[in-house]
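Participant: Before anything else, here's the structure in question.
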Amino acid sequence: PLFSRKMAVRTSLGSKLGLSGFLSQLSSSTRYGRPCVPPRLTAQCRNTSSSSKVRVDFDQNTGVAVMHMQSPPVNSLSLDFLTELCIGLEKLEMDKGCRGLVITSSQPKVFSAGLDILEMYGKSPERCGEFWKSVQEMWLKLYSSNMVTIAAINGSSPAGGCLLSLTCDYRIMADNPGYGIGLNETQLGIVAPFWFKDTLMNTIGLRNSEMALQLGLLYKPQDALKIGLVDQLVPEDQVLPTALKTMNKWLAIPDHARQITKSMMRKSTIDKLTSNREADIQNFVSFITRESIQKSLRGYMEMLKQKKA
């Protein structure tokens, strides 16, 4: 499915950690380009309670955190889920002992099914705008992160789930032909915004992106590997272990050199959104509240009900 159906609880969004101050973070040089301070992750960031939608396990010895998305049934990207994810990312980014992050799913057969349709159907323009700002925030935090980020894709990852994985430095996917990944928004009559498009194009190139976005394609893992949408395929039970092993190769590079290189590669794409955030929010709100789009969303929800029945 393009979107999942889980009602969100309205919460406030944490302040953004952008690229501003990026070089200042590197000024206290060490062997790895980060200040030598002990890890300061709080117990909240290791929360394993059943009410938490995101669980973060941080290994202070390796400097690697694993973020488990655990919002049943399919890790829908609702406002409350995105808020919790962004707060978790912010805490990790502030902890100078954390050098790498692996993002994976605790839900069976799905990485993330994408944006929560109930955040866009029948909501006020103000609510839609708040939701879209949280989607922007998630992308900005991950795409500009100083940490090495690896997506351990252990299930299907359509639409917003695909976008989340595209923000990472490296993508490892389960080699299961029953899974799919891609930005398939057009299948629901929705247009992927320019920063979705730019992120995909930076990954798989112009022509592959044209085909993928216009046709709303979902790629099986083998096809995703061929076009570079994912970097590696492994058996499903090896996705997380392989991600942790791969992280060692990335962390062998001095942080300051890797971080500055990453910033150079991604800065123009990030700046394009940061300088147009309000306009992008208004465009989304204007588009998603159209009666024709609301009708499409309603039809999709009815289809989901029929499938569930």
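Chain labels run A, B, ... following the order of the structure tokens; each chain numbers its residues from 1, and ligands are numbered from 1 in the order shown.
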Leaving out Gln70 of chain A and any residue of its chain fewer than 3 positions from it, which residues lie within 7 Å of it when counting only C-alpha atoms, given as a list in words?
Facilitator: Lys53, Val54, Asn75, Ser105, Ser106 and Gln107 of chain A
Participant: Could you save the residues just selected, with N, CA, C and O atoms, as an mmCIF file, in the first residue's frame?
Facilitator:
```cif
data_model
loop_
_atom_site.group_PDB
_atom_site.id
_atom_site.type_symbol
_atom_site.label_atom_id
_atom_site.label_comp_id
_atom_site.auth_asym_id
_atom_site.auth_seq_id
_atom_site.Cartn_x
_atom_site.Cartn_y
_atom_site.Cartn_z
ATOM 1 N N LYS A 53 6.967 4.425 20.054
ATOM 2 C CA LYS A 53 6.902 4.085 18.635
ATOM 3 C C LYS A 53 8.290 3.915 18.036
ATOM 4 O O LYS A 53 8.430 3.367 16.947
ATOM 5 N N VAL A 54 9.296 4.396 18.736
ATOM 6 C CA VAL A 54 10.679 4.289 18.279
ATOM 7 C C VAL A 54 11.545 3.873 19.456
ATOM 8 O O VAL A 54 11.527 4.529 20.504
ATOM 9 N N ASN A 75 4.354 0.791 10.862
ATOM 10 C CA ASN A 75 5.233 1.963 11.009
ATOM 11 C C ASN A 75 4.782 3.136 10.136
ATOM 12 O O ASN A 75 5.574 3.742 9.411
ATOM 13 N N SER A 105 13.249 -1.954 11.239
ATOM 14 C CA SER A 105 11.862 -2.114 11.673
ATOM 15 C C SER A 105 11.710 -3.309 12.586
ATOM 16 O O SER A 105 12.338 -4.352 12.384
ATOM 17 N N SER A 106 10.855 -3.141 13.591
ATOM 18 C CA SER A 106 10.497 -4.261 14.456
ATOM 19 C C SER A 106 9.198 -4.926 14.014
ATOM 20 O O SER A 106 8.772 -5.912 14.608
ATOM 21 N N GLN A 107 8.566 -4.367 12.967
ATOM 22 C CA GLN A 107 7.313 -4.925 12.461
ATOM 23 C C GLN A 107 7.594 -5.954 11.365
ATOM 24 O O GLN A 107 8.458 -5.736 10.513
#
```
Participant: What is the distance between atom CA of Asp237 of chain A and atom CA of Thr83 of chain A, in Å to one decimal?
Facilitator: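 Between atom CA of Asp237 of chain A and atom CA of Thr83 of chain A the gap is 29.1 Å.
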Participant: Pick the closest to Ser268 of chain A from A:Pro108, A:Ile117, A:Met67, A:Asp198: which is it, counting only C-alpha atoms?
Facilitator: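 Smallest distance to Ser268 of chain A is found for A:Asp198.
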Participant: Taking only C-alpha atoms into account, name the residue in A:Met69, A:Ala257, A:Ala159, A:Cys168 that is nearest to Ser144 of chain A.
Facilitator: A:Cys168
Participant: Just checking: using only C-alpha atoms, which residue out of A:Val74, A:Leu118, A:Val102, A:Val234 ends up closest to Gly161 of chain A?
Facilitator: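 Closest residue, counting only C-alpha atoms: A:Val74.
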Participant: Choose the residue, out of A:Lys245, A:Lys226, A:Arg258, A:Arg290, that has the smallest atom-to-atom separation from Pro125 of chain A; count only C-alpha atoms.
Facilitator: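 Nearest to Pro125 of chain A: A:Arg290.
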Participant: Ranking A:Cys128, A:Leu273, A:Ala243, A:Leu200 by minimum distance to Ser286 of chain A and counting only C-alpha atoms, which one comes first?
Facilitator: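 For Ser286 of chain A, the nearest of the given residues is A:Cys128.
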Participant: Residues at most 6 Å from segment 184-186 of chain A, counting only C-alpha atoms, excluding those fewer than 3 positions away in the same chain, as a list in words?
Facilitator: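 Near neighbours after the sequence-gap exclusion: Ala159, Gly189, Ile190, Val191, Gly216 and Leu217 of chain A.
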Participant: Would you put the residues from that selection into a file with N, CA and C atoms, as a PDB file, in the first residue's frame?
Facilitator:
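So selection_32.pdb came out as:
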```
ATOM      1  N   ALA A 159       6.709   4.608  -0.890  1.00  0.00           N
ATOM      2  CA  ALA A 159       6.426   6.030  -0.684  1.00  0.00           C
ATOM      3  C   ALA A 159       7.294   6.654   0.407  1.00  0.00           C
ATOM      4  N   GLY A 189      -2.667   9.349  -7.310  1.00  0.00           N
ATOM      5  CA  GLY A 189      -2.984  10.673  -7.809  1.00  0.00           C
ATOM      6  C   GLY A 189      -2.277  11.790  -7.078  1.00  0.00           C
ATOM      7  N   ILE A 190      -1.226  11.452  -6.343  1.00  0.00           N
ATOM      8  CA  ILE A 190      -0.455  12.436  -5.587  1.00  0.00           C
ATOM      9  C   ILE A 190       0.899  12.647  -6.256  1.00  0.00           C
ATOM     10  N   VAL A 191       1.352  13.886  -6.250  1.00  0.00           N
ATOM     11  CA  VAL A 191       2.632  14.230  -6.876  1.00  0.00           C
ATOM     12  C   VAL A 191       3.722  14.305  -5.806  1.00  0.00           C
ATOM     13  N   GLY A 216       5.002   5.616 -10.860  1.00  0.00           N
ATOM     14  CA  GLY A 216       4.776   5.214  -9.471  1.00  0.00           C
ATOM     15  C   GLY A 216       5.232   3.797  -9.211  1.00  0.00           C
ATOM     16  N   LEU A 217       6.463   3.487  -9.641  1.00  0.00           N
ATOM     17  CA  LEU A 217       6.936   2.103  -9.611  1.00  0.00           C
ATOM     18  C   LEU A 217       7.353   1.664  -8.214  1.00  0.00           C
TER      19      LEU A 217
END
```
Participant: Check the smallest atom-to-atom distance from each of A:Val135, A:Pro158, A:Asn61, A:Arg207 to Glu84 of chain A using only C-alpha atoms, then report the winner.
Facilitator: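 Among A:Val135, A:Pro158, A:Asn61, A:Arg207, it is A:Val135 that comes nearest to Glu84 of chain A.
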Participant: Excluding same-chain residues fewer than 3 positions from Gly122 of chain A, what lies within 12 Å of it counting only C-alpha atoms, as a PyMOL selection string?
Facilitator: chain A and resi 7+117-119+125-128+285+288-291+293-298+301
Participant: Pull the helix (DSSP H, G or I) assignments for segment 14-245 of chain A out of DSSP run on the backbone, and list those residues as an MDAnalysis selection string.
Facilitator: chainID A and resid 22:26 43:46 79:94 117:119 125:143 160:166 185:188 194:204 206:215 221:227 236:245
Participant: Please list as a ChimeraX atom specification every residue within 10 Å of Ser112 of chain A, counting only C-alpha atoms and excluding residues in the same chain fewer than 2 positions away.
Facilitator: /A:3-4,69-71,73-77,104-105,107,109-110,114-115,153-165,181
Participant: Suppose you want the space between atom CA of Glu130 of chain A and atom CA of Leu85 of chain A; what is it in Å?
Facilitator: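 For atom CA of Glu130 of chain A relative to atom CA of Leu85 of chain A, the distance reads 15.5 Å.
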Participant: Would you list, as a list in words, the residues of segment 87-273 of chain A that end up in strand (DSSP E) under DSSP run on this structure's backbone?
Facilitator: Gly100, Leu101, Val102, Ile103, Thr104, Ser105, Val148, Thr149, Ile150, Ala151, Ala152, Ile153, Ser157, Pro158, Tyr170, Arg171, Ile172, Met173, Ala174, Ile181, Gly182, Gln232, Leu233 and Val234 of chain A
Participant: Using atom CA of Glu236 of chain A and atom CA of Met173 of chain A as the two end points, give the distance in Å to one decimal.
Facilitator: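 Value for the atom CA of Glu236 of chain A-atom CA of Met173 of chain A distance: 7.8 Å.
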Participant: So that I can see what lies close to Asp59 of chain A, please list as a PDB file with all heavy atoms, in the first residue's frame the residues with an atom at most 10 Å from it, counting only C-alpha atoms and leaving out residues fewer than 4 positions away in the same chain.
Facilitator:
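out-v5.pdb written:
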```pdb
ATOM      1  N   PRO A  39      29.637   9.514  26.256  1.00  0.00           N
ATOM      2  CA  PRO A  39      28.261   9.455  25.766  1.00  0.00           C
ATOM      3  C   PRO A  39      27.283   9.925  26.838  1.00  0.00           C
ATOM      4  O   PRO A  39      27.443   9.630  28.008  1.00  0.00           O
ATOM      5  CB  PRO A  39      28.069   7.962  25.452  1.00  0.00           C
ATOM      6  CG  PRO A  39      29.463   7.440  25.221  1.00  0.00           C
ATOM      7  CD  PRO A  39      30.325   8.229  26.135  1.00  0.00           C
ATOM      8  N   GLY A  63      29.938   3.106  19.550  1.00  0.00           N
ATOM      9  CA  GLY A  63      29.471   4.405  19.076  1.00  0.00           C
ATOM     10  C   GLY A  63      28.359   4.292  18.048  1.00  0.00           C
ATOM     11  O   GLY A  63      28.100   5.234  17.297  1.00  0.00           O
ATOM     12  N   VAL A  64      27.679   3.143  18.011  1.00  0.00           N
ATOM     13  CA  VAL A  64      26.636   2.897  17.015  1.00  0.00           C
ATOM     14  C   VAL A  64      25.287   2.711  17.714  1.00  0.00           C
ATOM     15  O   VAL A  64      25.172   1.949  18.671  1.00  0.00           O
ATOM     16  CB  VAL A  64      26.948   1.650  16.161  1.00  0.00           C
ATOM     17  CG1 VAL A  64      25.808   1.360  15.189  1.00  0.00           C
ATOM     18  CG2 VAL A  64      28.255   1.857  15.395  1.00  0.00           C
ATOM     19  N   ALA A  65      24.282   3.410  17.212  1.00  0.00           N
ATOM     20  CA  ALA A  65      22.914   3.271  17.715  1.00  0.00           C
ATOM     21  C   ALA A  65      22.068   2.547  16.675  1.00  0.00           C
ATOM     22  O   ALA A  65      22.288   2.686  15.469  1.00  0.00           O
ATOM     23  CB  ALA A  65      22.312   4.644  18.003  1.00  0.00           C
ATOM     24  N   VAL A  66      21.118   1.766  17.164  1.00  0.00           N
ATOM     25  CA  VAL A  66      20.142   1.109  16.293  1.00  0.00           C
ATOM     26  C   VAL A  66      18.770   1.651  16.646  1.00  0.00           C
ATOM     27  O   VAL A  66      18.333   1.553  17.805  1.00  0.00           O
ATOM     28  CB  VAL A  66      20.153  -0.421  16.442  1.00  0.00           C
ATOM     29  CG1 VAL A  66      19.097  -1.048  15.522  1.00  0.00           C
ATOM     30  CG2 VAL A  66      21.538  -0.974  16.107  1.00  0.00           C
ATOM     31  N   GLY A  97      29.335  10.966  21.380  1.00  0.00           N
ATOM     32  CA  GLY A  97      29.843   9.602  21.367  1.00  0.00           C
ATOM     33  C   GLY A  97      29.168   8.727  20.327  1.00  0.00           C
ATOM     34  O   GLY A  97      29.618   7.617  20.056  1.00  0.00           O
ATOM     35  N   CYS A  98      28.080   9.230  19.738  1.00  0.00           N
ATOM     36  CA  CYS A  98      27.347   8.450  18.737  1.00  0.00           C
ATOM     37  C   CYS A  98      27.817   8.836  17.344  1.00  0.00           C
ATOM     38  O   CYS A  98      27.606   9.953  16.888  1.00  0.00           O
ATOM     39  CB  CYS A  98      25.844   8.678  18.866  1.00  0.00           C
ATOM     40  SG  CYS A  98      24.864   7.629  17.768  1.00  0.00           S
TER      41      CYS A  98
END
```
Participant: Got a sec: who's within 12 Å of Gly100 of chain A, counting only C-alpha atoms, leaving out chain neighbours fewer than 3 positions off, as a PyMOL selection string?
Facilitator: chain A and resi 57-67+89+92-93+95-97+103+142+145-151+168-170+243-253+255+259
Participant: Let me see the file: selected residues, C-alpha atoms, as a CSV table (one decimal), in the first residue's frame.
Facilitator:
```csv
chain,number,residue,atom,x,y,z
A,57,ASP,CA,19.6,1.0,21.5
A,58,PHE,CA,23.0,2.7,21.8
A,59,ASP,CA,26.2,0.7,22.2
A,60,GLN,CA,28.6,3.1,23.9
A,61,ASN,CA,31.6,0.8,23.1
A,62,THR,CA,31.1,1.0,19.3
A,63,GLY,CA,29.5,4.4,19.1
A,64,VAL,CA,26.6,2.9,17.0
A,65,ALA,CA,22.9,3.3,17.7
A,66,VAL,CA,20.1,1.1,16.3
A,67,MET,CA,16.8,2.8,15.9
A,89,LEU,CA,17.5,11.7,16.1
A,92,LEU,CA,21.7,11.1,19.0
A,93,GLU,CA,23.0,14.0,17.0
A,95,ASP,CA,25.6,12.9,21.7
A,96,LYS,CA,29.2,13.2,20.5
A,97,GLY,CA,29.8,9.6,21.4
A,103,ILE,CA,17.5,2.4,11.1
A,142,LEU,CA,18.4,12.5,8.4
A,145,SER,CA,23.0,14.1,9.7
A,146,ASN,CA,26.7,14.1,10.8
A,147,MET,CA,26.3,10.5,11.7
A,148,VAL,CA,26.8,7.6,9.3
A,149,THR,CA,23.3,6.4,8.6
A,150,ILE,CA,22.4,2.9,7.3
A,151,ALA,CA,18.9,1.8,6.4
A,168,CYS,CA,20.6,7.3,4.6
A,169,ASP,CA,24.2,6.9,3.4
A,170,TYR,CA,23.7,3.2,2.6
A,243,ALA,CA,24.3,-3.3,8.5
A,244,LEU,CA,26.3,-3.4,11.8
A,245,LYS,CA,29.2,-5.0,10.0
A,246,THR,CA,29.1,-2.5,7.1
A,247,MET,CA,29.1,0.3,9.6
A,248,ASN,CA,32.6,-0.6,10.7
A,249,LYS,CA,33.9,0.2,7.1
A,250,TRP,CA,32.2,3.7,7.2
A,251,LEU,CA,33.5,4.4,10.7
A,252,ALA,CA,37.1,3.6,9.7
A,253,ILE,CA,37.1,6.9,7.8
A,255,ASP,CA,34.6,11.7,10.8
A,259,GLN,CA,31.2,14.7,7.2
```
